[in-house]
file my_file.cif (mmCIF, C-alpha atoms)
data_start
#
loop_
_atom_site.label_atom_id
_atom_site.label_comp_id
_atom_site.auth_asym_id
_atom_site.auth_seq_id
_atom_site.Cartn_x
_atom_site.Cartn_y
_atom_site.Cartn_z
CA MET A 1234 111.76 182.28 105.93
CA ASP A 1235 109.32 181.79 103.09
CA CYS A 1236 105.88 181.39 104.69
CA GLU A 1237 102.85 181.95 102.49
CA LEU A 1238 100.74 183.19 105.43
CA CYS A 1239 103.43 185.73 106.33
CA SER A 1240 103.73 187.03 102.78
CA ARG A 1241 100.12 186.79 101.56
CA THR A 1242 96.64 187.48 102.95
CA GLY A 1243 95.56 183.91 102.18
CA GLY A 1244 92.08 184.76 100.93
CA GLU A 1245 89.62 187.63 100.73
CA LEU A 1246 89.97 189.72 103.87
CA LEU A 1247 86.73 189.79 105.89
CA TRP A 1248 87.92 191.23 109.21
CA GLN A 1249 91.14 191.98 111.03
CA ASP A 1250 92.53 193.50 114.17
CA SER A 1251 96.09 194.08 115.31
CA ARG A 1252 96.65 190.39 116.07
CA LEU A 1253 94.79 188.32 113.50
CA ARG A 1254 92.65 188.29 110.36
CA VAL A 1255 89.62 186.42 109.04
CA VAL A 1256 89.69 185.51 105.35
CA TYR A 1257 87.23 183.91 102.96
CA VAL A 1258 88.52 180.82 101.18
CA GLU A 1259 87.33 180.15 97.63
CA GLU A 1260 87.02 176.37 97.72
CA PRO A 1261 84.70 174.81 95.12
CA GLY A 1262 81.82 173.02 96.86
CA TYR A 1263 82.42 174.81 100.17
CA PRO A 1264 80.54 178.10 100.34
CA GLY A 1265 81.31 179.96 103.55
CA TYR A 1266 84.73 178.38 104.17
CA CYS A 1267 86.73 180.84 106.29
CA ARG A 1268 90.15 180.85 107.89
CA VAL A 1269 91.23 182.72 110.99
CA ILE A 1270 94.94 183.45 110.66
CA TRP A 1271 97.20 184.63 113.44
CA GLY A 1272 99.31 187.61 112.34
CA ALA A 1273 102.67 186.55 113.73
CA HIS A 1274 104.48 183.43 112.56
CA VAL A 1275 103.64 181.15 115.50
CA LYS A 1276 103.47 177.37 115.15
CA GLU A 1277 101.26 175.97 117.90
CA MET A 1278 98.35 177.23 120.02
CA THR A 1279 100.39 176.53 123.15
CA ASP A 1280 103.12 178.87 121.87
CA LEU A 1281 100.66 181.74 122.40
CA THR A 1282 99.99 183.37 125.77
CA GLU A 1283 96.75 182.37 127.43
CA GLY A 1284 95.20 185.72 126.56
CA ALA A 1285 96.22 185.54 122.91
CA ARG A 1286 94.90 182.00 122.68
CA ALA A 1287 91.55 183.06 124.15
CA HIS A 1288 91.32 185.95 121.69
CA LEU A 1289 92.02 183.70 118.72
CA MET A 1290 89.40 181.17 119.84
CA ASP A 1291 86.86 183.95 120.49
CA VAL A 1292 87.24 184.99 116.86
CA VAL A 1293 87.01 181.38 115.62
CA PHE A 1294 83.77 180.95 117.55
CA ALA A 1295 82.42 184.30 116.35
CA VAL A 1296 83.01 183.16 112.77
CA GLU A 1297 81.32 179.84 113.56
CA SER A 1298 78.29 181.72 114.95
CA VAL A 1299 78.05 183.96 111.90
CA LEU A 1300 78.33 181.03 109.48
CA ARG A 1301 75.61 179.13 111.36
CA GLU A 1302 73.30 182.15 111.34
CA GLN A 1303 73.94 183.09 107.73
CA LEU A 1304 74.24 179.70 106.06
CA ALA A 1305 72.58 177.16 108.39
CA PRO A 1306 75.02 174.34 107.63
CA HIS A 1307 74.42 170.80 108.79
CA LYS A 1308 77.67 170.90 110.80
CA ILE A 1309 80.66 173.14 111.41
CA ASN A 1310 84.16 171.69 111.13
CA LEU A 1311 87.01 173.37 113.00
CA ALA A 1312 90.66 172.47 112.52
CA SER A 1313 94.14 173.80 113.16
CA LEU A 1314 96.59 171.56 111.33
CA GLY A 1315 99.52 173.50 109.88
CA ASN A 1316 101.60 170.54 108.75
CA VAL A 1317 102.32 172.19 105.40
CA VAL A 1318 102.23 175.81 106.59
CA PRO A 1319 103.28 175.89 110.26
CA HIS A 1320 101.79 179.34 110.88
CA LEU A 1321 98.72 179.24 113.15
CA HIS A 1322 95.49 179.26 111.19
CA TRP A 1323 92.05 177.82 111.87
CA HIS A 1324 89.78 176.34 109.24
CA VAL A 1325 86.09 177.10 109.87
CA ILE A 1326 84.15 175.04 107.38
CA PRO A 1327 80.37 174.86 106.98
CA ARG A 1328 79.41 171.31 106.02
CA TYR A 1329 76.29 170.09 104.21
CA THR A 1330 75.08 166.55 103.77
CA ASP A 1331 75.40 166.93 99.99
CA ASP A 1332 78.83 168.60 99.96
CA PRO A 1333 81.62 166.82 98.07
CA HIS A 1334 83.08 164.92 101.06
CA PHE A 1335 80.28 164.63 103.63
CA PRO A 1336 80.36 162.95 106.14
CA GLN A 1337 84.12 162.59 105.71
CA PRO A 1338 86.58 165.42 106.46
CA ILE A 1339 87.19 167.65 103.45
CA TRP A 1340 90.74 166.27 103.24
CA SER A 1341 89.55 162.72 102.51
CA ASN A 1342 88.49 161.35 99.14
CA ALA A 1343 85.48 163.01 97.56
CA GLN A 1344 82.23 161.09 97.99
CA ARG A 1345 80.35 162.81 95.14
CA GLU A 1346 80.52 165.55 92.52
CA ILE A 1347 80.10 169.18 93.43
CA SER A 1348 76.39 169.80 93.06
CA PRO A 1349 75.07 172.96 91.53
CA ARG A 1350 73.41 174.64 94.46
CA ASP A 1351 71.85 177.88 95.46
CA ARG A 1352 73.97 178.27 98.55
CA VAL A 1353 76.22 181.19 97.95
CA ALA A 1354 78.05 183.04 100.67
CA ASN A 1355 78.02 186.78 100.18
CA THR A 1356 81.37 187.93 101.48
CA ALA A 1357 80.23 191.50 102.17
CA THR A 1358 77.37 190.15 104.30
CA LEU A 1359 79.72 187.80 106.14
CA ALA A 1360 82.23 190.59 106.71
CA GLY A 1361 79.51 192.82 108.15
CA ALA A 1362 78.15 190.10 110.42
CA ILE A 1363 81.63 189.20 111.70
CA ALA A 1364 82.37 192.85 112.42
CA ALA A 1365 79.04 193.19 114.25
CA ALA A 1366 79.80 190.10 116.33
CA LEU A 1367 83.29 191.26 117.30
CA GLU A 1368 83.15 195.01 117.62
CA MET B 574 69.23 158.47 120.30
CA ASP B 575 72.06 156.08 119.58
CA CYS B 576 75.27 158.08 120.00
CA GLU B 577 78.49 156.16 120.50
CA LEU B 578 80.04 158.96 122.59
CA CYS B 579 76.99 158.97 124.88
CA SER B 580 77.02 155.21 125.36
CA ARG B 581 80.78 154.48 125.36
CA THR B 582 83.95 156.04 126.78
CA GLY B 583 85.49 156.21 123.31
CA GLY B 584 89.02 155.17 124.33
CA GLU B 585 91.15 154.61 127.40
CA LEU B 586 90.16 157.15 130.04
CA LEU B 587 93.08 159.44 130.96
CA TRP B 588 91.30 162.20 132.89
CA GLN B 589 87.80 163.45 133.56
CA ASP B 590 85.85 166.01 135.51
CA SER B 591 82.13 166.61 135.83
CA ARG B 592 81.88 168.11 132.34
CA LEU B 593 84.27 166.27 130.02
CA ARG B 594 86.78 163.47 129.62
CA VAL B 595 90.16 162.93 127.94
CA VAL B 596 90.68 159.55 126.31
CA TYR B 597 93.59 157.87 124.59
CA VAL B 598 92.90 156.69 121.04
CA GLU B 599 94.62 153.52 119.82
CA GLU B 600 95.33 154.46 116.21
CA PRO B 601 98.13 152.56 114.46
CA GLY B 602 100.93 154.95 113.48
CA TYR B 603 99.70 157.69 115.83
CA PRO B 604 101.18 157.33 119.32
CA GLY B 605 99.78 159.95 121.67
CA TYR B 606 96.50 160.51 119.81
CA CYS B 607 93.97 161.81 122.35
CA ARG B 608 90.40 162.99 122.25
CA VAL B 609 88.72 165.47 124.55
CA ILE B 610 85.02 164.59 124.70
CA TRP B 611 82.30 166.79 126.14
CA GLY B 612 80.06 164.83 128.51
CA ALA B 613 76.66 166.05 127.32
CA HIS B 614 75.38 165.41 123.80
CA VAL B 615 76.05 168.85 122.32
CA LYS B 616 76.68 169.36 118.61
CA GLU B 617 78.64 172.59 118.11
CA MET B 618 81.09 174.68 120.16
CA THR B 619 78.73 177.65 119.85
CA ASP B 620 75.96 175.59 121.49
CA LEU B 621 78.00 175.74 124.73
CA THR B 622 78.04 178.70 127.08
CA GLU B 623 81.12 180.88 126.89
CA GLY B 624 82.40 179.46 130.18
CA ALA B 625 81.90 175.86 129.11
CA ARG B 626 83.62 176.56 125.80
CA ALA B 627 86.61 178.11 127.58
CA HIS B 628 86.85 175.12 129.90
CA LEU B 629 86.79 172.66 127.01
CA MET B 630 89.50 174.60 125.15
CA ASP B 631 91.62 174.87 128.32
CA VAL B 632 91.61 171.08 128.52
CA VAL B 633 92.38 170.71 124.80
CA PHE B 634 95.38 173.02 125.20
CA ALA B 635 96.51 171.26 128.39
CA VAL B 636 96.53 167.98 126.46
CA GLU B 637 98.45 169.67 123.62
CA SER B 638 101.05 170.92 126.14
CA VAL B 639 101.46 167.50 127.71
CA LEU B 640 101.81 165.76 124.34
CA ARG B 641 104.44 168.30 123.25
CA GLU B 642 106.39 167.86 126.48
CA GLN B 643 106.15 164.08 126.56
CA LEU B 644 106.43 163.20 122.88
CA ALA B 645 108.04 166.19 121.14
CA PRO B 646 106.03 165.82 117.91
CA HIS B 647 106.85 167.80 114.79
CA LYS B 648 103.37 169.36 114.88
CA ILE B 649 100.10 169.14 116.77
CA ASN B 650 96.84 168.81 114.84
CA LEU B 651 93.60 169.94 116.47
CA ALA B 652 90.17 169.28 115.03
CA SER B 653 86.52 169.24 115.98
CA LEU B 654 84.58 167.70 113.09
CA GLY B 655 81.69 165.55 114.27
CA ASN B 656 80.10 164.88 110.91
CA VAL B 657 79.66 161.20 111.71
CA VAL B 658 79.20 161.55 115.47
CA PRO B 659 77.68 164.99 116.19
CA HIS B 660 78.69 164.99 119.86
CA LEU B 661 81.41 167.54 120.64
CA HIS B 662 84.87 165.97 120.68
CA TRP B 663 88.30 167.32 119.88
CA HIS B 664 91.06 165.35 118.21
CA VAL B 665 94.52 166.20 119.57
CA ILE B 666 96.99 164.44 117.31
CA PRO B 667 100.80 164.50 117.57
CA ARG B 668 102.24 164.46 114.06
CA TYR B 669 105.70 163.33 112.90
CA THR B 670 107.33 163.80 109.54
CA ASP B 671 107.48 160.01 109.09
CA ASP B 672 103.93 159.25 110.24
CA PRO B 673 101.61 157.53 107.74
CA HIS B 674 99.98 160.69 106.33
CA PHE B 675 102.43 163.55 106.96
CA PRO B 676 102.19 166.33 105.83
CA GLN B 677 98.59 165.58 104.90
CA PRO B 678 95.77 165.41 107.46
CA ILE B 679 95.33 161.94 108.93
CA TRP B 680 92.01 161.66 107.08
CA SER B 681 93.65 161.87 103.65
CA ASN B 682 95.28 159.03 101.76
CA ALA B 683 98.29 157.45 103.44
CA GLN B 684 101.64 158.65 102.10
CA ARG B 685 103.69 155.71 103.43
CA GLU B 686 103.58 152.54 105.52
CA ILE B 687 103.50 152.67 109.28
CA SER B 688 107.14 152.58 110.29
CA PRO B 689 108.32 150.57 113.23
CA ARG B 690 109.36 153.21 115.68
CA ASP B 691 110.42 153.62 119.24
CA ARG B 692 107.88 156.29 119.97
CA VAL B 693 105.41 154.78 122.37
CA ALA B 694 103.05 156.80 124.47
CA ASN B 695 102.74 155.51 128.03
CA THR B 696 99.13 156.15 128.95
CA ALA B 697 99.80 156.16 132.70
CA THR B 698 102.48 158.83 132.22
CA LEU B 699 100.16 160.88 130.01
CA ALA B 700 97.31 160.55 132.51
CA GLY B 701 99.56 161.73 135.33
CA ALA B 702 100.88 164.68 133.35
CA ILE B 703 97.38 165.76 132.27
CA ALA B 704 96.17 165.57 135.87
CA ALA B 705 99.17 167.61 137.02
CA ALA B 706 98.48 170.23 134.34
CA LEU B 707 94.79 170.53 135.20
CA GLU B 708 94.46 170.04 138.93
#
call {"tool": "encode", "arguments": {"input": "my_file.cif", "output": "structure tokens"}}
result
Amino acid sequence: MDCELCSRTGGELLWQDSRLRVVYVEEPGYPGYCRVIWGAHVKEMTDLTEGARAHLMDVVFAVESVLREQLAPHKINLASLGNVVPHLHWHVIPRYTDDPHFPQPIWSNAQREISPRDRVANTATLAGAIAAALE
Amino acid sequence: MDCELCSRTGGELLWQDSRLRVVYVEEPGYPGYCRVIWGAHVKEMTDLTEGARAHLMDVVFAVESVLREQLAPHKINLASLGNVVPHLHWHVIPRYTDDPHFPQPIWSNAQREISPRDRVANTATLAGAIAAALE
């Protein structure tokens, strides 16, 4: 099996426990974009036990809280798709009214150029805030 | 406030309780597409209490289970976006390798025409199965 989320971290590691990890995604125009990646190669949320599912969602919502506090986005987008990489991972994406695709999903056609902006996510700050929220 | 999810059901009603509803979305090429819509006008998951959040996710995962059992999709896609309509709602979308956008998200450019297919979701059957899973 050649799964990129089994063989690679998938971003800059911000937090992890024995079951999952939170990584920072470097996506131009999307400061603060994080993914929460389940450790084991599992395809669907309903393949997890109820307890595992609750733990994964608790971490997704902790990341959402931290991103809202730290970056004050206009909206948070949450998604678990996995059509290309069928290994459970959640996208947690801060959205701004002037981001490249707003108000469309980030997977649609861009609505505008990436604007130079002063919003920069400091990954050490995010990592610390996520750890504080979860530990 | 003029919110379409406050003023309209948003699809064919499959199930509801005092806090939320499950509706069937008529989207060409996407049999089984459901939405789980929170009753009150709330913007983000982390605006809900922990208990309310858990309840909403329990229903999302119950719908995922029913769609998997009834329709055997290749993958389930889950998303809470709300950029256009900032009233909490989850998309629960059965995906097939020959659907219009696979393996891309349904919000990206279509990859192919809608194929005539024998997959048809019976909304009465789905409604019954969701009720059985949740009651």
call {"tool": "atom_distance", "arguments": {"input": "my_file.cif", "atom1": "atom CA of Tyr597 of chain B", "atom2": "atom CA of Val1275 of chain A"}}
result
26.9 Å
call {"tool": "closest_residue", "arguments": {"input": "my_file.cif", "among": "B:Gly605, B:Gln589, B:Ala613, B:Met618", "to": "Asp1291 of chain A", "atoms": "all atoms listed in the file"}}
result
B:Met618
call {"tool": "closest_atom_pairs", "arguments": {"input": "my_file.cif", "of": "chain A", "to": "chain B", "cutoff": "6 Å", "atoms": "all atoms listed in the file", "output": "tab-separated table"}}
result
residue	atom	partner	partner_atom	distance
A:Asn1310	CA	B:Leu654	CA	4.5
A:Leu1311	CA	B:Ser653	CA	5.1
A:Ala1312	CA	B:Ala652	CA	4.1
A:Ser1313	CA	B:Leu651	CA	5.1
A:Leu1314	CA	B:Asn650	CA	4.5
A:Asn1316	CA	B:Pro676	CA	5.2
A:Val1317	CA	B:Pro676	CA	5.9
A:Pro1336	CA	B:Asn656	CA	5.2
A:Trp1340	CA	B:Ser681	CA	5.3
A:Ser1341	CA	B:Ser681	CA	4.3
call {"tool": "closest_residue", "arguments": {"input": "my_file.cif", "among": "A:Val1353, A:Leu1321, A:Val1292, A:Ala1365", "to": "Leu1238 of chain A", "atoms": "all atoms listed in the file"}}
result
A:Leu1321
call {"tool": "closest_residue", "arguments": {"input": "my_file.cif", "among": "A:Pro1306, A:Val1269, A:Glu1260, A:Asn1355", "to": "Asp1331 of chain A", "atoms": "all atoms listed in the file"}}
result
A:Pro1306
call {"tool": "atom_distance", "arguments": {"input": "my_file.cif", "atom1": "atom CA of Glu708 of chain B", "atom2": "atom CA of Ser580 of chain B"}}
result
26.6 Å
call {"tool": "resolve_selection", "arguments": {"input": "my_file.cif", "expression": "the PyMOL selection byres ((chain B and resi 582) around 12)", "output": "list in words"}}
result
Cys576, Glu577, Leu578, Cys579, Ser580, Arg581, Gly583, Gly584, Glu585, Leu586, Leu587, Trp588, Gln589, Leu593, Arg594, Val595, Val596, Tyr597, Val598, Arg608, Val609, Ile610, Trp611, Gly612 and His662 of chain B
call {"tool": "atom_distance", "arguments": {"input": "my_file.cif", "atom1": "atom CA of Ala1366 of chain A", "atom2": "atom CA of Glu1259 of chain A"}}
result
22.5 Å
call {"tool": "closest_residue", "arguments": {"input": "my_file.cif", "among": "A:His1274, A:Pro1333, A:Gly1284, A:Val1299", "to": "Ala1360 of chain A", "atoms": "all atoms listed in the file"}}
result
A:Val1299
call {"tool": "resolve_selection", "arguments": {"input": "my_file.cif", "expression": "the PyMOL selection byres ((chain B and resi 687) around 8)", "output": "ChimeraX atom specification"}}
result
/B:601-602,672-673,685-686,688-689
call {"tool": "write_last_selection", "arguments": {"input": "my_file.cif", "atoms": "C-alpha atoms", "output": "mmCIF file, keeping the file's coordinate frame"}}
result
data_model
loop_
_atom_site.group_PDB
_atom_site.id
_atom_site.type_symbol
_atom_site.label_atom_id
_atom_site.label_comp_id
_atom_site.auth_asym_id
_atom_site.auth_seq_id
_atom_site.Cartn_x
_atom_site.Cartn_y
_atom_site.Cartn_z
ATOM 1 C CA PRO B 601 98.130 152.560 114.460
ATOM 2 C CA GLY B 602 100.930 154.950 113.480
ATOM 3 C CA ASP B 672 103.930 159.250 110.240
ATOM 4 C CA PRO B 673 101.610 157.530 107.740
ATOM 5 C CA ARG B 685 103.690 155.710 103.430
ATOM 6 C CA GLU B 686 103.580 152.540 105.520
ATOM 7 C CA SER B 688 107.140 152.580 110.290
ATOM 8 C CA PRO B 689 108.320 150.570 113.230
#
call {"tool": "decode", "arguments": {"input": "my_file.cif", "residues": "segment 640-681 of chain B", "atoms": "C-alpha atoms", "output": "short mmCIF file (atom, residue, chain, number, x, y, z; two decimals), in the first residue's frame"}}
result
data_model
loop_
_atom_site.label_atom_id
_atom_site.label_comp_id
_atom_site.auth_asym_id
_atom_site.auth_seq_id
_atom_site.Cartn_x
_atom_site.Cartn_y
_atom_site.Cartn_z
CA LEU B 640 -25.77 6.01 3.25
CA ARG B 641 -22.94 3.46 3.32
CA GLU B 642 -25.34 0.62 4.11
CA GLN B 643 -27.98 1.65 1.61
CA LEU B 644 -25.88 2.92 -1.28
CA ALA B 645 -22.39 1.44 -0.86
CA PRO B 646 -20.55 4.50 -2.20
CA HIS B 647 -16.84 4.45 -2.97
CA LYS B 648 -16.28 7.22 -0.41
CA ILE B 649 -18.20 9.54 1.88
CA ASN B 650 -17.43 13.27 1.84
CA LEU B 651 -18.25 15.36 4.91
CA ALA B 652 -18.07 19.13 4.99
CA SER B 653 -19.24 22.11 7.01
CA LEU B 654 -18.43 25.25 5.03
CA GLY B 655 -21.11 27.92 5.38
CA ASN B 656 -19.31 30.72 3.59
CA VAL B 657 -22.44 31.65 1.65
CA VAL B 658 -24.98 30.62 4.29
CA PRO B 659 -23.37 30.98 7.74
CA HIS B 660 -25.90 28.74 9.48
CA LEU B 661 -24.40 25.42 10.61
CA HIS B 662 -25.07 22.63 8.13
CA TRP B 663 -23.15 19.51 7.22
CA HIS B 664 -22.94 18.05 3.74
CA VAL B 665 -22.92 14.24 3.73
CA ILE B 666 -22.16 13.21 0.16
CA PRO B 667 -21.84 9.66 -1.19
CA ARG B 668 -19.14 9.63 -3.87
CA TYR B 669 -18.64 7.18 -6.74
CA THR B 670 -15.69 6.81 -9.04
CA ASP B 671 -17.91 7.68 -12.02
CA ASP B 672 -19.70 10.64 -10.44
CA PRO B 673 -19.34 14.03 -12.17
CA HIS B 674 -16.38 15.32 -10.12
CA PHE B 675 -14.59 12.24 -8.74
CA PRO B 676 -11.92 12.24 -7.35
CA GLN B 677 -12.19 16.00 -6.96
CA PRO B 678 -14.51 17.67 -4.43
CA ILE B 679 -17.98 18.31 -5.83
CA TRP B 680 -17.24 22.04 -5.75
CA SER B 681 -14.41 21.76 -8.28
#
